[in-house]
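Trainee: Data: run33.pdb, PDB, C-alpha atoms.
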```pdb
ATOM      1  CA  MET Q 212      11.500 -39.257  45.523
ATOM      2  CA  HIS Q 213      10.721 -39.679  41.843
ATOM      3  CA  GLU Q 214       7.061 -40.647  41.476
ATOM      4  CA  ARG Q 215       7.671 -43.790  39.410
ATOM      5  CA  ARG Q 216      10.744 -45.042  41.258
ATOM      6  CA  PHE Q 217      10.604 -47.946  43.690
ATOM      7  CA  ASN Q 218      10.919 -46.835  47.300
ATOM      8  CA  PRO Q 219      14.279 -48.115  48.658
ATOM      9  CA  GLU Q 220      12.724 -48.345  52.145
ATOM     10  CA  LEU Q 221      10.808 -51.371  50.784
ATOM     11  CA  ALA Q 222      13.908 -53.153  49.444
ATOM     12  CA  HIS Q 223      13.293 -56.168  51.686
ATOM     13  CA  ARG Q 224      10.352 -57.040  49.414
ATOM     14  CA  LEU Q 225      12.731 -57.393  46.482
ATOM     15  CA  VAL Q 226      14.797 -60.152  48.071
ATOM     16  CA  SER Q 227      12.104 -62.006  49.988
ATOM     17  CA  PRO Q 228      11.821 -65.809  50.055
ATOM     18  CA  GLU Q 229       8.378 -65.444  48.453
ATOM     19  CA  ARG Q 230       9.825 -63.551  45.513
ATOM     20  CA  GLU Q 231      12.618 -66.106  45.180
ATOM     21  CA  ALA Q 232      10.052 -68.935  45.134
ATOM     22  CA  ARG Q 233       7.899 -67.103  42.583
ATOM     23  CA  TRP Q 234      10.709 -66.332  40.123
ATOM     24  CA  LYS Q 235      13.472 -68.891  40.693
ATOM     25  CA  PRO Q 236      15.745 -66.291  39.062
ATOM     26  CA  ARG Q 237      18.742 -68.464  38.209
ATOM     27  CA  ALA Q 238      16.569 -71.056  36.432
ATOM     28  CA  PHE Q 239      14.604 -68.294  34.686
ATOM     29  CA  LEU Q 240      17.807 -66.698  33.381
ATOM     30  CA  GLN Q 241      19.348 -70.016  32.334
ATOM     31  CA  ARG Q 242      16.334 -70.725  30.123
ATOM     32  CA  LEU Q 243      17.074 -67.500  28.247
ATOM     33  CA  GLY Q 244      20.435 -68.810  27.036
ATOM     34  CA  LEU Q 245      22.886 -66.359  28.573
ATOM     35  CA  PRO Q 246      26.309 -67.829  27.868
ATOM     36  CA  SER Q 247      29.050 -68.320  30.421
ATOM     37  CA  GLY Q 248      31.678 -65.595  30.114
ATOM     38  CA  ALA Q 249      29.228 -62.939  28.910
ATOM     39  CA  THR Q 250      29.139 -59.319  30.035
ATOM     40  CA  VAL Q 251      25.747 -58.135  31.295
ATOM     41  CA  ALA Q 252      24.347 -54.771  32.415
ATOM     42  CA  ASP Q 253      21.636 -55.204  35.056
ATOM     43  CA  LEU Q 254      19.895 -51.830  34.878
ATOM     44  CA  GLY Q 255      17.824 -50.936  37.910
ATOM     45  CA  CYS Q 256      19.450 -53.761  39.843
ATOM     46  CA  GLY Q 257      18.131 -52.739  43.254
ATOM     47  CA  PRO Q 258      19.518 -54.984  46.015
ATOM     48  CA  GLY Q 259      20.599 -57.601  43.476
ATOM     49  CA  PHE Q 260      17.683 -60.013  43.154
ATOM     50  CA  TRP Q 261      18.632 -60.643  39.501
ATOM     51  CA  THR Q 262      22.276 -59.522  39.785
ATOM     52  CA  VAL Q 263      23.449 -62.436  41.907
ATOM     53  CA  PRO Q 264      21.881 -65.099  39.626
ATOM     54  CA  LEU Q 265      23.239 -63.260  36.560
ATOM     55  CA  ALA Q 266      26.718 -63.466  38.120
ATOM     56  CA  GLU Q 267      26.251 -67.189  38.726
ATOM     57  CA  VAL Q 268      25.147 -67.803  35.138
ATOM     58  CA  VAL Q 269      27.994 -65.843  33.479
ATOM     59  CA  GLY Q 270      30.559 -67.295  35.872
ATOM     60  CA  THR Q 271      33.840 -65.789  36.928
ATOM     61  CA  ARG Q 272      34.951 -65.284  33.304
ATOM     62  CA  GLY Q 273      31.940 -62.993  32.838
ATOM     63  CA  ARG Q 274      31.054 -59.621  34.292
ATOM     64  CA  VAL Q 275      27.858 -58.045  35.604
ATOM     65  CA  TRP Q 276      27.502 -54.275  35.745
ATOM     66  CA  ALA Q 277      24.908 -53.677  38.479
ATOM     67  CA  VAL Q 278      23.445 -50.205  37.912
ATOM     68  CA  ASP Q 279      21.031 -48.394  40.214
ATOM     69  CA  VAL Q 280      20.208 -44.822  41.198
ATOM     70  CA  SER Q 281      19.792 -45.527  44.909
ATOM     71  CA  PRO Q 282      22.783 -45.475  47.284
ATOM     72  CA  GLN Q 283      20.664 -47.554  49.691
ATOM     73  CA  MET Q 284      20.132 -50.240  47.041
ATOM     74  CA  MET Q 285      23.855 -50.247  46.209
ATOM     75  CA  GLN Q 286      24.696 -50.716  49.890
ATOM     76  CA  LEU Q 287      22.228 -53.624  50.173
ATOM     77  CA  LEU Q 288      23.755 -55.179  47.055
ATOM     78  CA  ARG Q 289      27.240 -55.003  48.579
ATOM     79  CA  GLU Q 290      25.961 -56.438  51.874
ATOM     80  CA  ARG Q 291      24.716 -59.504  50.021
ATOM     81  CA  GLY Q 292      28.348 -60.421  49.393
ATOM     82  CA  VAL Q 293      28.329 -60.288  45.614
ATOM     83  CA  PRO Q 294      31.285 -61.917  43.846
ATOM     84  CA  GLY Q 295      34.184 -59.906  42.472
ATOM     85  CA  HIS Q 296      32.939 -60.024  38.876
ATOM     86  CA  VAL Q 297      29.907 -57.899  39.868
ATOM     87  CA  CYS Q 298      30.669 -54.201  39.434
ATOM     88  CA  PRO Q 299      28.218 -51.863  41.216
ATOM     89  CA  VAL Q 300      27.575 -48.560  39.434
ATOM     90  CA  LEU Q 301      25.596 -45.711  40.973
ATOM     91  CA  ALA Q 302      23.837 -43.890  38.112
ATOM     92  CA  ALA Q 303      20.505 -42.311  37.268
ATOM     93  CA  LEU Q 304      18.922 -44.033  34.287
ATOM     94  CA  PRO Q 305      18.749 -43.460  31.363
ATOM     95  CA  ASP Q 306      22.305 -42.127  31.767
ATOM     96  CA  VAL Q 307      24.588 -45.140  32.162
ATOM     97  CA  PRO Q 308      28.318 -44.402  32.497
ATOM     98  CA  LEU Q 309      29.446 -47.498  30.581
ATOM     99  CA  PRO Q 310      31.129 -47.391  27.173
ATOM    100  CA  PRO Q 311      29.012 -47.866  24.049
ATOM    101  CA  GLU Q 312      28.708 -51.453  22.820
ATOM    102  CA  SER Q 313      30.285 -52.778  26.025
ATOM    103  CA  VAL Q 314      27.855 -55.566  27.002
ATOM    104  CA  ASP Q 315      26.511 -58.761  25.459
ATOM    105  CA  TRP Q 316      23.194 -58.488  27.287
ATOM    106  CA  VAL Q 317      21.213 -55.627  28.723
ATOM    107  CA  TRP Q 318      18.829 -56.908  31.398
ATOM    108  CA  THR Q 319      16.258 -54.625  32.976
ATOM    109  CA  ALA Q 320      13.668 -56.147  35.280
ATOM    110  CA  PHE Q 321      10.677 -54.114  36.449
ATOM    111  CA  THR Q 322      12.531 -50.872  35.744
ATOM    112  CA  PHE Q 323      11.534 -49.706  32.255
ATOM    113  CA  HIS Q 324       8.282 -48.186  33.562
ATOM    114  CA  GLU Q 325      10.306 -46.053  36.015
ATOM    115  CA  VAL Q 326      12.621 -44.343  33.505
ATOM    116  CA  GLU Q 327      11.213 -41.421  31.599
ATOM    117  CA  PRO Q 328      11.376 -40.469  28.832
ATOM    118  CA  PHE Q 329      10.884 -44.057  27.695
ATOM    119  CA  PRO Q 330      12.366 -43.555  24.196
ATOM    120  CA  ALA Q 331      15.568 -42.201  25.803
ATOM    121  CA  PHE Q 332      15.826 -45.306  27.972
ATOM    122  CA  ALA Q 333      15.349 -47.533  24.916
ATOM    123  CA  ALA Q 334      18.131 -45.602  23.159
ATOM    124  CA  ALA Q 335      20.408 -46.094  26.188
ATOM    125  CA  LEU Q 336      19.815 -49.854  26.047
ATOM    126  CA  ARG Q 337      20.760 -49.924  22.366
ATOM    127  CA  ARG Q 338      23.881 -47.830  22.998
ATOM    128  CA  LEU Q 339      25.162 -50.284  25.604
ATOM    129  CA  VAL Q 340      24.672 -53.551  23.741
ATOM    130  CA  ARG Q 341      27.224 -54.890  21.264
ATOM    131  CA  PRO Q 342      26.177 -55.811  17.720
ATOM    132  CA  GLY Q 343      24.582 -59.246  17.993
ATOM    133  CA  GLY Q 344      23.824 -58.703  21.685
ATOM    134  CA  GLN Q 345      20.417 -58.886  23.307
ATOM    135  CA  VAL Q 346      18.169 -56.481  25.167
ATOM    136  CA  LEU Q 347      15.751 -58.107  27.629
ATOM    137  CA  VAL Q 348      12.973 -56.180  29.367
ATOM    138  CA  LEU Q 349      10.913 -57.849  32.102
ATOM    139  CA  GLU Q 350       7.880 -55.793  33.089
ATOM    140  CA  TRP Q 351       4.471 -55.758  34.778
ATOM    141  CA  ARG Q 352       1.339 -56.040  32.652
ATOM    142  CA  PRO Q 353      -1.196 -53.212  33.058
ATOM    143  CA  ASP Q 354      -3.929 -55.865  33.166
ATOM    144  CA  ALA Q 355      -2.134 -58.101  35.708
ATOM    145  CA  VAL Q 356      -4.209 -60.391  37.893
ATOM    146  CA  SER Q 357      -2.035 -59.900  40.995
ATOM    147  CA  PRO Q 358      -2.209 -56.685  43.016
ATOM    148  CA  GLN Q 359       1.617 -56.763  43.324
ATOM    149  CA  GLY Q 360       3.800 -54.353  41.416
ATOM    150  CA  PRO Q 361       3.685 -50.656  40.631
ATOM    151  CA  PRO Q 362       0.480 -48.667  40.240
ATOM    152  CA  ARG Q 363      -1.368 -49.791  37.133
ATOM    153  CA  HIS Q 364      -1.199 -46.328  35.585
ATOM    154  CA  HIS Q 365       2.627 -46.592  35.632
ATOM    155  CA  ARG Q 366       2.736 -49.926  33.797
ATOM    156  CA  LEU Q 367       3.505 -50.306  30.113
ATOM    157  CA  TRP Q 368       1.978 -52.567  27.500
ATOM    158  CA  PRO Q 369       4.376 -54.951  25.744
ATOM    159  CA  ALA Q 370       3.611 -53.303  22.402
ATOM    160  CA  GLN Q 371       4.748 -49.943  23.785
ATOM    161  CA  VAL Q 372       8.088 -51.340  24.947
ATOM    162  CA  GLN Q 373       8.529 -53.170  21.641
ATOM    163  CA  GLU Q 374       7.872 -49.973  19.678
ATOM    164  CA  TRP Q 375      10.369 -47.899  21.685
ATOM    165  CA  LEU Q 376      13.055 -50.562  21.310
ATOM    166  CA  GLN Q 377      12.467 -50.832  17.565
ATOM    167  CA  GLU Q 378      12.572 -47.054  17.173
ATOM    168  CA  ALA Q 379      15.901 -47.075  19.040
ATOM    169  CA  GLY Q 380      17.391 -49.538  16.551
ATOM    170  CA  ILE Q 381      16.872 -52.875  18.270
ATOM    171  CA  HIS Q 382      15.813 -55.589  15.805
ATOM    172  CA  ASN Q 383      13.764 -58.779  16.026
ATOM    173  CA  VAL Q 384      11.882 -57.401  19.037
ATOM    174  CA  THR Q 385       9.378 -59.968  20.248
ATOM    175  CA  LEU Q 386       7.153 -60.719  23.187
ATOM    176  CA  ALA Q 387       9.172 -63.754  24.265
ATOM    177  CA  TRP Q 388       7.184 -64.776  27.338
ATOM    178  CA  GLN Q 389       4.297 -63.703  29.514
ATOM    179  CA  ASP Q 390       2.143 -64.909  32.363
ATOM    180  CA  GLU Q 391      -0.923 -63.416  33.996
ATOM    181  CA  ASP Q 392       1.087 -60.613  35.645
ATOM    182  CA  THR Q 393       4.319 -59.990  33.763
ATOM    183  CA  TYR Q 394       6.000 -60.212  30.362
ATOM    184  CA  LEU Q 395       9.435 -60.387  28.767
ATOM    185  CA  VAL Q 396      10.320 -58.470  25.617
ATOM    186  CA  VAL Q 397      13.534 -59.510  23.862
ATOM    187  CA  GLY Q 398      15.361 -57.890  20.964
ATOM    188  CA  ARG Q 399      18.753 -58.073  19.293
ATOM    189  CA  ARG Q 400      21.098 -55.401  18.057
ATOM    190  CA  ALA Q 401      22.091 -55.945  14.440
TER     191      ALA Q 401
END
```
Let me see whether you can do it: turn the structure in this file into structure tokens.

Mentor:
Amino acid sequence: MHERRFNPELAHRLVSPEREARWKPRAFLQRLGLPSGATVADLGCGPGFWTVPLAEVVGTRGRVWAVDVSPQMMQLLRERGVPGHVCPVLAALPDVPLPPESVDWVWTAFTFHEVEPFPAFAAALRRLVRPGGQVLVLEWRPDAVSPQGPPRHHRLWPAQVQEWLQEAGIHNVTLAWQDEDTYLVVGRRA
């Protein structure tokens, strides 16, 4: 197994009631302003913790491309009974077999730190998003209070993620939100 990649044998942790209570994913995503009918790529979707709420927010006129490298994670996603407008894609990031400029939003939650080289992943995010679309990266802080998450030496500082996105051609990259453990970096493609 790749050293930085989440172990699929622990997938139950990703869809636990505790995680649901901590994040309230649908409400979290709705606050970000994702419009109904949008097309989203959920990169590193795992068993669909964010995928299912993304599908609810975009509605049946939208589409969610759920991308993960793990066949086990893809099987768990399917077992959750995802709606028909969720399209599972088995792919190793940063290589995403979707057309350029094919999504309104690129969402990657707790995955950026797993995909090396980081500048190549940032470039893949830019390639996927349409002009005017958004890139959203949710990640663990290296100085997090909680012991949850990946090893601290695998975590990335917000400024690092911002720099890689800017170098890839994403504009207006900002630290949009953070708490004591995690942060959200958001940028827009011009």

Trainee: Sorted by chain and rising residue number, list the residues of stretch 232-327 of chain Q at most 6 Å from stretch 339-343 of chain Q (counting only C-alpha atoms), each with its closest atom pair and distance in Å to one decimal, as CSV.

Mentor:
```
residue,atom,partner,partner_atom,distance
Q:Pro311,CA,Q:Leu339,CA,4.8
Q:Glu312,CA,Q:Arg341,CA,4.1
Q:Ser313,CA,Q:Leu339,CA,5.7
Q:Val314,CA,Q:Val340,CA,5.0
Q:Asp315,CA,Q:Arg341,CA,5.8
```

Trainee: Could you pull the residues within 6 Å of stretch 294-303 of chain Q, counting only C-alpha atoms, minus those fewer than 6 positions along the same chain, as an NGL selection string?

Mentor: :Q and (274-280)

Trainee: Using the chain letters and numbers from the file, give me the residues hit by the PyMOL selection byres ((chain Q and resi 272) around 10), as a list of chain:residue names.

Mentor: Q:Ser247, Q:Gly248, Q:Ala249, Q:Thr250, Q:Ala266, Q:Val269, Q:Gly270, Q:Thr271, Q:Gly273, Q:Arg274, Q:His296

Trainee: Of the residues Q:Pro219, Q:Arg237, Q:Ala331, Q:His364, which is the one nearest to Q:Met285, using all atoms listed in the file?

Mentor: Q:Pro219

Trainee: For the PyMOL selection byres ((chain Q and resi 376) around 10), applied here, can you spell out every residue it catches as a PDB file with C-alpha atoms, keeping the file's coordinate frame?

Mentor:
```pdb
ATOM      1  CA  PHE Q 329      10.884 -44.057  27.695  1.00  0.00           C
ATOM      2  CA  PRO Q 330      12.366 -43.555  24.196  1.00  0.00           C
ATOM      3  CA  ALA Q 331      15.568 -42.201  25.803  1.00  0.00           C
ATOM      4  CA  PHE Q 332      15.826 -45.306  27.972  1.00  0.00           C
ATOM      5  CA  ALA Q 333      15.349 -47.533  24.916  1.00  0.00           C
ATOM      6  CA  ALA Q 334      18.131 -45.602  23.159  1.00  0.00           C
ATOM      7  CA  ALA Q 335      20.408 -46.094  26.188  1.00  0.00           C
ATOM      8  CA  LEU Q 336      19.815 -49.854  26.047  1.00  0.00           C
ATOM      9  CA  ARG Q 337      20.760 -49.924  22.366  1.00  0.00           C
ATOM     10  CA  VAL Q 346      18.169 -56.481  25.167  1.00  0.00           C
ATOM     11  CA  VAL Q 348      12.973 -56.180  29.367  1.00  0.00           C
ATOM     12  CA  ALA Q 370       3.611 -53.303  22.402  1.00  0.00           C
ATOM     13  CA  GLN Q 371       4.748 -49.943  23.785  1.00  0.00           C
ATOM     14  CA  VAL Q 372       8.088 -51.340  24.947  1.00  0.00           C
ATOM     15  CA  GLN Q 373       8.529 -53.170  21.641  1.00  0.00           C
ATOM     16  CA  GLU Q 374       7.872 -49.973  19.678  1.00  0.00           C
ATOM     17  CA  TRP Q 375      10.369 -47.899  21.685  1.00  0.00           C
ATOM     18  CA  GLN Q 377      12.467 -50.832  17.565  1.00  0.00           C
ATOM     19  CA  GLU Q 378      12.572 -47.054  17.173  1.00  0.00           C
ATOM     20  CA  ALA Q 379      15.901 -47.075  19.040  1.00  0.00           C
ATOM     21  CA  GLY Q 380      17.391 -49.538  16.551  1.00  0.00           C
ATOM     22  CA  ILE Q 381      16.872 -52.875  18.270  1.00  0.00           C
ATOM     23  CA  HIS Q 382      15.813 -55.589  15.805  1.00  0.00           C
ATOM     24  CA  ASN Q 383      13.764 -58.779  16.026  1.00  0.00           C
ATOM     25  CA  VAL Q 384      11.882 -57.401  19.037  1.00  0.00           C
ATOM     26  CA  VAL Q 396      10.320 -58.470  25.617  1.00  0.00           C
ATOM     27  CA  VAL Q 397      13.534 -59.510  23.862  1.00  0.00           C
ATOM     28  CA  GLY Q 398      15.361 -57.890  20.964  1.00  0.00           C
ATOM     29  CA  ARG Q 399      18.753 -58.073  19.293  1.00  0.00           C
ATOM     30  CA  ARG Q 400      21.098 -55.401  18.057  1.00  0.00           C
TER      31      ARG Q 400
END
```

Trainee: From the options Q:Ser281, Q:Leu309, Q:Leu265, Q:Glu327, which residue's atoms come nearest to Q:Asp253, counting all atoms listed in the file?

Mentor: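 Closest candidate: Q:Leu265.
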
Trainee: Can you list what the PyMOL selection byres ((chain Q and resi 353) around 10) grabs from this structure, as a list of chain:residue names?

Mentor: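 When the PyMOL selection byres ((chain Q and resi 353) around 10) is applied, the selected residues are Q:Glu350, Q:Trp351, Q:Arg352, Q:Asp354, Q:Ala355, Q:Val356, Q:Gly360, Q:Pro361, Q:Pro362, Q:Arg363, Q:His364, Q:His365, Q:Arg366, Q:Leu367, Q:Trp368, Q:Pro369, Q:Asp392, Q:Thr393.
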
Trainee: Fewer than 5 positions away in the same chain doesn't count, so skip those; otherwise give me all residues within 7 Å of Q:Leu395, counting all atoms listed in the file, as number ranges by chain.

Mentor: Q: 347-350, 386-389

Trainee: Nearest to Q:Val226 among Q:Pro358, Q:Pro305, Q:Gly244, Q:Gly259, with distances taken over only C-alpha atoms: which residue is it?

Mentor: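 Residue with the minimum atom-to-atom distance to Q:Val226: Q:Gly259.
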
Trainee: From the set Q:Val263, Q:Arg215, Q:Val251, Q:Glu325, which residue has the shortest atom-to-atom contact distance to Q:Lys235, counting all atoms listed in the file?

Mentor: Q:Val263

Trainee: Rank nothing, just name the residue among Q:Glu229, Q:His324, Q:Glu220, Q:Trp261 nearest to Q:Pro282, using all atoms listed in the file.

Mentor: Q:Glu220

Trainee: So which one's closest to Q:Leu304, Q:Arg289, Q:His223, Q:Arg233, Q:Arg216? Using all atoms listed in the file, please.

Mentor: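 Selected residue with least distance to Q:Leu304: Q:Arg216.
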
Trainee: By how many Å are atom CA of Q:Pro310 and atom CA of Q:Gln241 apart?

Mentor: 26.0 Å
